[in-house]
file my_file37.pdb (PDB, C-alpha atoms)
ATOM      1  CA  MET A 147    -225.814  43.826  25.927
ATOM      2  CA  SER A 148    -226.598  44.412  22.288
ATOM      3  CA  ALA A 149    -229.093  46.975  21.053
ATOM      4  CA  ALA A 150    -231.159  44.157  19.586
ATOM      5  CA  SER A 151    -231.434  42.268  22.847
ATOM      6  CA  ALA A 152    -232.148  45.497  24.690
ATOM      7  CA  GLY A 153    -234.953  46.467  22.351
ATOM      8  CA  SER A 154    -236.848  43.246  21.710
ATOM      9  CA  ASN A 155    -237.914  39.936  23.237
ATOM     10  CA  ARG A 156    -238.533  41.507  26.598
ATOM     11  CA  ASN A 157    -241.311  41.576  29.144
ATOM     12  CA  TYR A 158    -241.941  44.835  30.962
ATOM     13  CA  SER A 159    -244.027  45.247  34.096
ATOM     14  CA  PHE A 160    -245.040  48.774  35.075
ATOM     15  CA  LYS A 161    -247.066  50.322  37.855
ATOM     16  CA  VAL A 162    -249.340  53.155  36.737
ATOM     17  CA  VAL A 163    -251.344  55.289  39.140
ATOM     18  CA  LEU A 164    -254.345  57.477  38.309
ATOM     19  CA  LEU A 165    -254.652  60.656  40.348
ATOM     20  CA  GLY A 166    -257.193  63.433  40.380
ATOM     21  CA  GLU A 167    -260.182  64.784  42.231
ATOM     22  CA  GLY A 168    -263.270  62.727  42.949
ATOM     23  CA  CYS A 169    -265.829  62.417  40.154
ATOM     24  CA  VAL A 170    -263.448  63.340  37.310
ATOM     25  CA  GLY A 171    -263.838  59.852  35.815
ATOM     26  CA  LYS A 172    -260.676  57.971  36.829
ATOM     27  CA  THR A 173    -262.462  54.673  37.451
ATOM     28  CA  SER A 174    -264.496  55.027  34.257
ATOM     29  CA  LEU A 175    -261.289  55.489  32.227
ATOM     30  CA  VAL A 176    -259.699  52.377  33.725
ATOM     31  CA  LEU A 177    -262.787  50.208  33.285
ATOM     32  CA  ARG A 178    -263.232  51.353  29.690
ATOM     33  CA  TYR A 179    -259.576  50.607  28.915
ATOM     34  CA  VAL A 180    -259.248  47.263  30.675
ATOM     35  CA  GLU A 181    -262.761  45.809  30.348
ATOM     36  CA  ASN A 182    -264.379  48.046  27.694
ATOM     37  CA  LYS A 183    -267.199  48.841  30.108
ATOM     38  CA  PHE A 184    -268.933  52.119  30.905
ATOM     39  CA  ASN A 185    -271.559  52.817  33.543
ATOM     40  CA  ASP A 186    -273.114  56.278  33.852
ATOM     41  CA  LYS A 187    -274.065  55.526  37.432
ATOM     42  CA  HIS A 188    -270.644  54.409  38.622
ATOM     43  CA  LEU A 189    -270.111  55.252  42.297
ATOM     44  CA  SER A 190    -267.109  57.160  43.582
ATOM     45  CA  THR A 191    -264.081  55.073  44.466
ATOM     46  CA  LEU A 192    -263.551  55.066  48.226
ATOM     47  CA  GLN A 193    -260.161  53.386  48.287
ATOM     48  CA  ALA A 194    -257.388  52.355  45.931
ATOM     49  CA  SER A 195    -257.733  49.290  43.732
ATOM     50  CA  PHE A 196    -255.923  48.034  40.684
ATOM     51  CA  LEU A 197    -256.493  46.193  37.444
ATOM     52  CA  ASP A 198    -254.005  44.508  35.141
ATOM     53  CA  LYS A 199    -253.720  45.054  31.405
ATOM     54  CA  LYS A 200    -251.392  43.186  29.052
ATOM     55  CA  LEU A 201    -250.385  44.558  25.689
ATOM     56  CA  ASN A 202    -247.816  44.130  22.958
ATOM     57  CA  ILE A 203    -245.977  47.212  21.715
ATOM     58  CA  GLY A 204    -243.625  46.694  18.800
ATOM     59  CA  GLY A 205    -242.798  43.162  19.914
ATOM     60  CA  LYS A 206    -242.323  44.183  23.544
ATOM     61  CA  ARG A 207    -244.744  42.614  25.966
ATOM     62  CA  VAL A 208    -245.997  44.989  28.621
ATOM     63  CA  LYS A 209    -248.006  44.313  31.753
ATOM     64  CA  LEU A 210    -249.585  47.335  33.387
ATOM     65  CA  ALA A 211    -250.728  47.285  37.007
ATOM     66  CA  ILE A 212    -253.131  50.239  36.917
ATOM     67  CA  TRP A 213    -253.936  51.725  40.320
ATOM     68  CA  ASP A 214    -257.187  53.639  40.571
ATOM     69  CA  THR A 215    -257.211  55.957  43.572
ATOM     70  CA  ALA A 216    -259.927  57.787  45.462
ATOM     71  CA  GLY A 217    -260.026  61.536  44.893
ATOM     72  CA  GLN A 218    -261.326  62.616  48.283
ATOM     73  CA  GLU A 219    -259.228  65.018  50.324
ATOM     74  CA  ARG A 220    -258.897  62.483  53.130
ATOM     75  CA  PHE A 221    -257.136  60.157  50.705
ATOM     76  CA  HIS A 222    -254.323  62.621  50.006
ATOM     77  CA  ALA A 223    -252.394  61.683  53.147
ATOM     78  CA  LEU A 224    -252.361  58.068  51.987
ATOM     79  CA  GLY A 225    -251.370  58.967  48.435
ATOM     80  CA  PRO A 226    -247.633  58.272  48.771
ATOM     81  CA  ILE A 227    -248.343  54.705  49.892
ATOM     82  CA  TYR A 228    -249.941  54.045  46.512
ATOM     83  CA  TYR A 229    -247.814  56.038  44.115
ATOM     84  CA  ARG A 230    -244.307  55.855  45.569
ATOM     85  CA  ASP A 231    -243.166  52.979  43.305
ATOM     86  CA  SER A 232    -245.048  54.118  40.213
ATOM     87  CA  ASN A 233    -243.393  54.163  36.815
ATOM     88  CA  GLY A 234    -246.112  56.304  35.308
ATOM     89  CA  ALA A 235    -248.976  58.510  36.418
ATOM     90  CA  ILE A 236    -252.130  59.648  34.667
ATOM     91  CA  LEU A 237    -253.501  62.861  36.135
ATOM     92  CA  VAL A 238    -257.168  63.222  35.326
ATOM     93  CA  TYR A 239    -259.317  66.333  35.366
ATOM     94  CA  ASP A 240    -262.837  67.102  34.206
ATOM     95  CA  ILE A 241    -262.872  69.666  31.368
ATOM     96  CA  THR A 242    -266.061  71.167  32.840
ATOM     97  CA  ASP A 243    -264.449  71.700  36.261
ATOM     98  CA  GLU A 244    -261.687  74.321  36.495
ATOM     99  CA  ASP A 245    -260.893  73.379  40.094
ATOM    100  CA  SER A 246    -260.169  69.776  39.124
ATOM    101  CA  PHE A 247    -257.589  71.071  36.632
ATOM    102  CA  GLN A 248    -255.923  73.258  39.260
ATOM    103  CA  LYS A 249    -255.723  70.229  41.584
ATOM    104  CA  VAL A 250    -253.799  68.350  38.863
ATOM    105  CA  LYS A 251    -251.034  70.916  39.298
ATOM    106  CA  ASN A 252    -250.815  70.034  42.995
ATOM    107  CA  TRP A 253    -250.496  66.348  42.164
ATOM    108  CA  VAL A 254    -247.734  67.048  39.644
ATOM    109  CA  LYS A 255    -245.773  69.041  42.230
ATOM    110  CA  GLU A 256    -246.159  66.242  44.747
ATOM    111  CA  LEU A 257    -245.104  63.526  42.304
ATOM    112  CA  ARG A 258    -242.065  65.491  41.152
ATOM    113  CA  LYS A 259    -241.098  66.154  44.773
ATOM    114  CA  MET A 260    -241.422  62.471  45.704
ATOM    115  CA  LEU A 261    -240.162  60.789  42.546
ATOM    116  CA  GLY A 262    -238.248  63.438  40.598
ATOM    117  CA  ASN A 263    -238.182  63.042  36.834
ATOM    118  CA  ASP A 264    -238.168  59.241  37.002
ATOM    119  CA  ILE A 265    -241.943  59.057  36.690
ATOM    120  CA  CYS A 266    -243.599  59.488  33.278
ATOM    121  CA  LEU A 267    -246.656  61.742  33.307
ATOM    122  CA  CYS A 268    -249.770  62.021  31.170
ATOM    123  CA  ILE A 269    -252.573  64.501  31.794
ATOM    124  CA  ALA A 270    -256.072  63.479  30.727
ATOM    125  CA  GLY A 271    -258.723  66.106  30.056
ATOM    126  CA  ASN A 272    -261.735  63.849  30.558
ATOM    127  CA  LYS A 273    -265.433  64.120  29.663
ATOM    128  CA  ILE A 274    -265.040  65.657  26.202
ATOM    129  CA  ASP A 275    -268.571  64.384  25.587
ATOM    130  CA  LEU A 276    -269.510  67.493  27.634
ATOM    131  CA  GLU A 277    -267.560  69.875  25.388
ATOM    132  CA  LYS A 278    -270.332  72.463  25.419
ATOM    133  CA  ASP A 279    -269.785  72.882  29.182
ATOM    134  CA  ARG A 280    -265.982  73.177  28.978
ATOM    135  CA  HIS A 281    -264.374  75.453  31.569
ATOM    136  CA  VAL A 282    -260.704  74.583  30.965
ATOM    137  CA  SER A 283    -259.256  75.951  27.745
ATOM    138  CA  ILE A 284    -257.394  73.551  25.489
ATOM    139  CA  GLU A 285    -254.546  76.021  25.096
ATOM    140  CA  GLU A 286    -254.069  76.431  28.850
ATOM    141  CA  ALA A 287    -254.144  72.705  29.510
ATOM    142  CA  GLU A 288    -251.717  71.817  26.734
ATOM    143  CA  ALA A 289    -249.325  74.628  27.642
ATOM    144  CA  TYR A 290    -249.263  73.493  31.259
ATOM    145  CA  ALA A 291    -248.670  69.852  30.302
ATOM    146  CA  ALA A 292    -245.763  70.845  28.061
ATOM    147  CA  SER A 293    -244.256  72.936  30.875
ATOM    148  CA  VAL A 294    -244.012  69.883  33.159
ATOM    149  CA  GLY A 295    -242.913  67.409  30.484
ATOM    150  CA  ALA A 296    -246.264  65.636  30.326
ATOM    151  CA  LYS A 297    -248.365  64.581  27.361
ATOM    152  CA  HIS A 298    -251.905  66.018  27.320
ATOM    153  CA  ILE A 299    -254.661  63.888  25.829
ATOM    154  CA  HIS A 300    -258.391  64.541  25.718
ATOM    155  CA  THR A 301    -260.538  61.566  26.696
ATOM    156  CA  SER A 302    -264.102  60.405  27.121
ATOM    157  CA  ALA A 303    -264.883  57.144  28.852
ATOM    158  CA  LYS A 304    -268.486  57.471  27.690
ATOM    159  CA  LEU A 305    -267.536  57.802  24.011
ATOM    160  CA  ASN A 306    -264.385  55.643  24.315
ATOM    161  CA  LYS A 307    -262.245  58.468  22.911
ATOM    162  CA  GLY A 308    -258.530  58.975  23.535
ATOM    163  CA  ILE A 309    -258.155  56.189  26.090
ATOM    164  CA  GLU A 310    -256.122  53.736  24.017
ATOM    165  CA  GLU A 311    -253.889  56.619  22.933
ATOM    166  CA  LEU A 312    -253.475  57.713  26.560
ATOM    167  CA  PHE A 313    -252.228  54.381  27.874
ATOM    168  CA  LEU A 314    -250.226  53.561  24.740
ATOM    169  CA  ASP A 315    -248.344  56.851  24.848
ATOM    170  CA  LEU A 316    -247.560  56.410  28.541
ATOM    171  CA  SER A 317    -246.451  52.809  28.011
ATOM    172  CA  LYS A 318    -244.061  53.768  25.204
ATOM    173  CA  ARG A 319    -242.507  56.470  27.345
ATOM    174  CA  MET A 320    -242.122  54.095  30.303
ATOM    175  CA  ILE A 321    -240.373  51.586  28.024
ATOM    176  CA  ASP A 322    -237.997  54.314  26.836
ATOM    177  CA  THR A 323    -237.267  55.397  30.401
ATOM    178  CA  ALA A 324    -236.738  51.827  31.572
ATOM    179  CA  GLY A 325    -234.360  51.272  28.660
ATOM    180  CA  MET A 326    -232.284  54.265  29.701
ATOM    181  CA  ASP A 327    -232.259  53.194  33.338
ATOM    182  CA  ASN A 328    -231.198  49.661  32.440
ATOM    183  CA  GLY A 329    -228.667  50.691  29.812
ATOM    184  CA  GLN A 330    -225.340  52.400  30.186
ATOM    185  CA  GLY A 331    -226.123  54.152  33.474
ATOM    186  CA  SER A 332    -224.669  57.364  32.114
ATOM    187  CA  MET A 333    -226.329  59.421  34.796
ATOM    188  CA  GLY A 334    -223.964  57.896  37.349
ATOM    189  CA  ARG A 335    -226.586  57.591  40.046
ATOM    190  CA  PRO A 336    -228.569  54.730  41.525
ATOM    191  CA  THR A 337    -231.933  54.212  39.887
ATOM    192  CA  ARG A 338    -235.207  53.900  41.743
ATOM    193  CA  ARG A 339    -236.538  51.820  38.912
ATOM    194  CA  ASN A 340    -235.792  48.437  40.423
ATOM    195  CA  VAL A 341    -239.563  47.971  40.395
ATOM    196  CA  VAL A 342    -239.438  47.561  36.617
ATOM    197  CA  THR A 343    -239.312  43.903  35.721
ATOM    198  CA  ILE A 344    -237.448  43.237  32.474
ATOM    199  CA  VAL A 345    -237.005  39.565  31.696
ATOM    200  CA  ASP A 346    -235.732  37.892  28.545
ATOM    201  CA  ASP A 347    -238.473  35.809  26.985
ATOM    202  CA  GLU A 348    -238.042  32.081  26.948
ATOM    203  CA  PRO A 349    -237.354  30.922  23.364
ATOM    204  CA  GLN A 350    -240.514  28.836  23.228
ATOM    205  CA  SER A 351    -242.774  31.735  24.207
ATOM    206  CA  SER A 352    -245.444  32.166  21.575
ATOM    207  CA  GLY A 353    -246.686  35.561  22.717
ATOM    208  CA  GLY A 354    -250.205  34.565  21.751
ATOM    209  CA  GLY A 355    -251.979  35.923  24.789
ATOM    210  CA  CYS A 356    -250.223  39.206  25.319
ATOM    211  CA  CYS A 357    -252.528  41.662  23.682
ATOM    212  CA  GLY A 358    -255.452  42.564  25.931
ATOM    213  CA  GLY A 359    -258.685  41.702  24.213
ATOM    214  CA  GLY A 360    -262.009  43.396  24.101
ATOM    215  CA  SER A 361    -260.895  46.900  23.263
TER     216      SER A 361
END

call {"tool": "encode", "arguments": {"input": "my_file37.pdb", "output": "structure tokens"}}
result
Amino acid sequence: MSAASAGSNRNYSFKVVLLGEGCVGKTSLVLRYVENKFNDKHLSTLQASFLDKKLNIGGKRVKLAIWDTAGQERFHALGPIYYRDSNGAILVYDITDEDSFQKVKNWVKELRKMLGNDICLCIAGNKIDLEKDRHVSIEEAEAYAASVGAKHIHTSAKLNKGIEELFLDLSKRMIDTAGMDNGQGSMGRPTRRNVVTIVDDEPQSSGGGCCGGGS
């Protein structure tokens, strides 16, 4: 398999899960990204649901199945059902809520225990429109993210800040990881990443409808 064929004319399909406490804004982030909608009065998610987003990154077509999960404690026991086959995870906390940041650390430990280093992580410090009420220092959050190999990005669903960057960064890293897993196999171990779909495009594919609109 040549480097050219490995790096272009491919379709990628990834599962991304959002995790975090209730009311940190997970659903608002997803709706802003996928549908460019924001509702101040959005109700808490009571179960898991998902939305699809298609995008084109450097000629690679990517389909994201984005799973939005409930943050309630009673959901935690069901968590593995939803995130066990994930290629990427976005861990969301509210910058005005120190406890929500501490809970992110629990999620990271759980994901690493279940999925090892296969899963790509991003940490979103949400609600930067409430900067004056911040209770989580930028330095602490970024240092923690770096310590677990995650990218930290500040976001606001209300202001539509940082969200495109968040999903784009995660998508690029998932593509890189999938490329390594489907390449030489130098690690000499079976890969869990059979859930990644990588299919050569048909020659007549125009690629016209692959960038999600509206954002």

call {"tool": "axis_aligned_box", "arguments": {"input": "my_file37.pdb", "around": "stretch 207-211 of chain A", "padding_each_side": "3 Å", "output": "AutoDock Vina command-line options"}}
result
--center_x -247.7 --center_y 45.0 --center_z 31.5 --size_x 12.0 --size_y 10.7 --size_z 17.0

call {"tool": "residues_around", "arguments": {"input": "my_file37.pdb", "residues": "A:Asn185", "least_positions_apart": "6", "cutoff": "12 Å", "atoms": "only C-alpha atoms", "output": "ChimeraX atom specification"}}
result
/A:171,173-178,303-305

call {"tool": "write_last_selection", "arguments": {"input": "my_file37.pdb", "atoms": "C-alpha atoms", "output": "PDB file, keeping the file's coordinate frame"}}
result
ATOM      1  CA  GLY A 171    -263.838  59.852  35.815  1.00  0.00           C
ATOM      2  CA  THR A 173    -262.462  54.673  37.451  1.00  0.00           C
ATOM      3  CA  SER A 174    -264.496  55.027  34.257  1.00  0.00           C
ATOM      4  CA  LEU A 175    -261.289  55.489  32.227  1.00  0.00           C
ATOM      5  CA  VAL A 176    -259.699  52.377  33.725  1.00  0.00           C
ATOM      6  CA  LEU A 177    -262.787  50.208  33.285  1.00  0.00           C
ATOM      7  CA  ARG A 178    -263.232  51.353  29.690  1.00  0.00           C
ATOM      8  CA  ALA A 303    -264.883  57.144  28.852  1.00  0.00           C
ATOM      9  CA  LYS A 304    -268.486  57.471  27.690  1.00  0.00           C
ATOM     10  CA  LEU A 305    -267.536  57.802  24.011  1.00  0.00           C
TER      11      LEU A 305
END

call {"tool": "residues_near_point", "arguments": {"input": "my_file37.pdb", "point": "(-240.8, 52.4, 31.5)", "cutoff": "9 Å", "atoms": "all atoms listed in the file", "output": "list in words"}}
result
Tyr158, Ser159, Phe160, Asn233, Gly234, Ile265, Cys266, Leu316, Ser317, Lys318, Arg319, Met320, Ile321, Asp322, Thr323, Ala324, Gly325, Met326, Asp327, Arg339 and Val342 of chain A

call {"tool": "closest_residue", "arguments": {"input": "my_file37.pdb", "among": "A:Val238, A:Glu277, A:Asp243, A:Gly271", "to": "A:His300", "atoms": "all atoms listed in the file"}}
result
A:Gly271

call {"tool": "residues_around", "arguments": {"input": "my_file37.pdb", "residues": "A:Lys307", "least_positions_apart": "5", "cutoff": "12 Å", "atoms": "only C-alpha atoms", "output": "PyMOL selection string"}}
result
chain A and resi 175+178-179+182+270-275+299-302+312-313+361

call {"tool": "atom_distance", "arguments": {"input": "my_file37.pdb", "atom1": "atom CA of A:Asp231", "atom2": "atom CA of A:Ala291"}}
result
22.0 Å

call {"tool": "resolve_selection", "arguments": {"input": "my_file37.pdb", "expression": "the PyMOL selection byres ((chain A and resi 198) around 7)", "output": "PyMOL selection string"}}
result
chain A and resi 196-197+199-200+209-212

call {"tool": "atom_distance", "arguments": {"input": "my_file37.pdb", "atom1": "atom CA of A:Tyr239", "atom2": "atom CA of A:Glu285"}}
result
14.9 Å

call {"tool": "atom_distance", "arguments": {"input": "my_file37.pdb", "atom1": "atom CA of A:Ile227", "atom2": "atom CA of A:Ile269"}}
result
21.0 Å

call {"tool": "closest_residue", "arguments": {"input": "my_file37.pdb", "among": "A:Val180, A:Val250, A:Cys169, A:Val208", "to": "A:Arg156", "atoms": "only C-alpha atoms"}}
result
A:Val208

call {"tool": "closest_residue", "arguments": {"input": "my_file37.pdb", "among": "A:Gly295, A:Gly262, A:Ile241, A:Ile309", "to": "A:Ser283", "atoms": "only C-alpha atoms"}}
result
A:Ile241

call {"tool": "resolve_selection", "arguments": {"input": "my_file37.pdb", "expression": "the PyMOL selection byres ((chain A and resi 286) around 12)", "output": "PDB file with C-alpha atoms, in the coordinates of the input"}}
result
ATOM      1  CA  ILE A 241    -262.872  69.666  31.368  1.00  0.00           C
ATOM      2  CA  GLU A 244    -261.687  74.321  36.495  1.00  0.00           C
ATOM      3  CA  PHE A 247    -257.589  71.071  36.632  1.00  0.00           C
ATOM      4  CA  GLN A 248    -255.923  73.258  39.260  1.00  0.00           C
ATOM      5  CA  GLY A 271    -258.723  66.106  30.056  1.00  0.00           C
ATOM      6  CA  HIS A 281    -264.374  75.453  31.569  1.00  0.00           C
ATOM      7  CA  VAL A 282    -260.704  74.583  30.965  1.00  0.00           C
ATOM      8  CA  SER A 283    -259.256  75.951  27.745  1.00  0.00           C
ATOM      9  CA  ILE A 284    -257.394  73.551  25.489  1.00  0.00           C
ATOM     10  CA  GLU A 285    -254.546  76.021  25.096  1.00  0.00           C
ATOM     11  CA  ALA A 287    -254.144  72.705  29.510  1.00  0.00           C
ATOM     12  CA  GLU A 288    -251.717  71.817  26.734  1.00  0.00           C
ATOM     13  CA  ALA A 289    -249.325  74.628  27.642  1.00  0.00           C
ATOM     14  CA  TYR A 290    -249.263  73.493  31.259  1.00  0.00           C
ATOM     15  CA  ALA A 291    -248.670  69.852  30.302  1.00  0.00           C
ATOM     16  CA  ALA A 292    -245.763  70.845  28.061  1.00  0.00           C
ATOM     17  CA  SER A 293    -244.256  72.936  30.875  1.00  0.00           C
ATOM     18  CA  HIS A 298    -251.905  66.018  27.320  1.00  0.00           C
TER      19      HIS A 298
END

call {"tool": "closest_residue", "arguments": {"input": "my_file37.pdb", "among": "A:Leu257, A:Leu267, A:Leu201, A:Val170", "to": "A:Ala235", "atoms": "only C-alpha atoms"}}
result
A:Leu267

call {"tool": "closest_residue", "arguments": {"input": "my_file37.pdb", "among": "A:Glu181, A:Asp240, A:Glu167, A:Asp214", "to": "A:Asp279", "atoms": "all atoms listed in the file"}}
result
A:Asp240
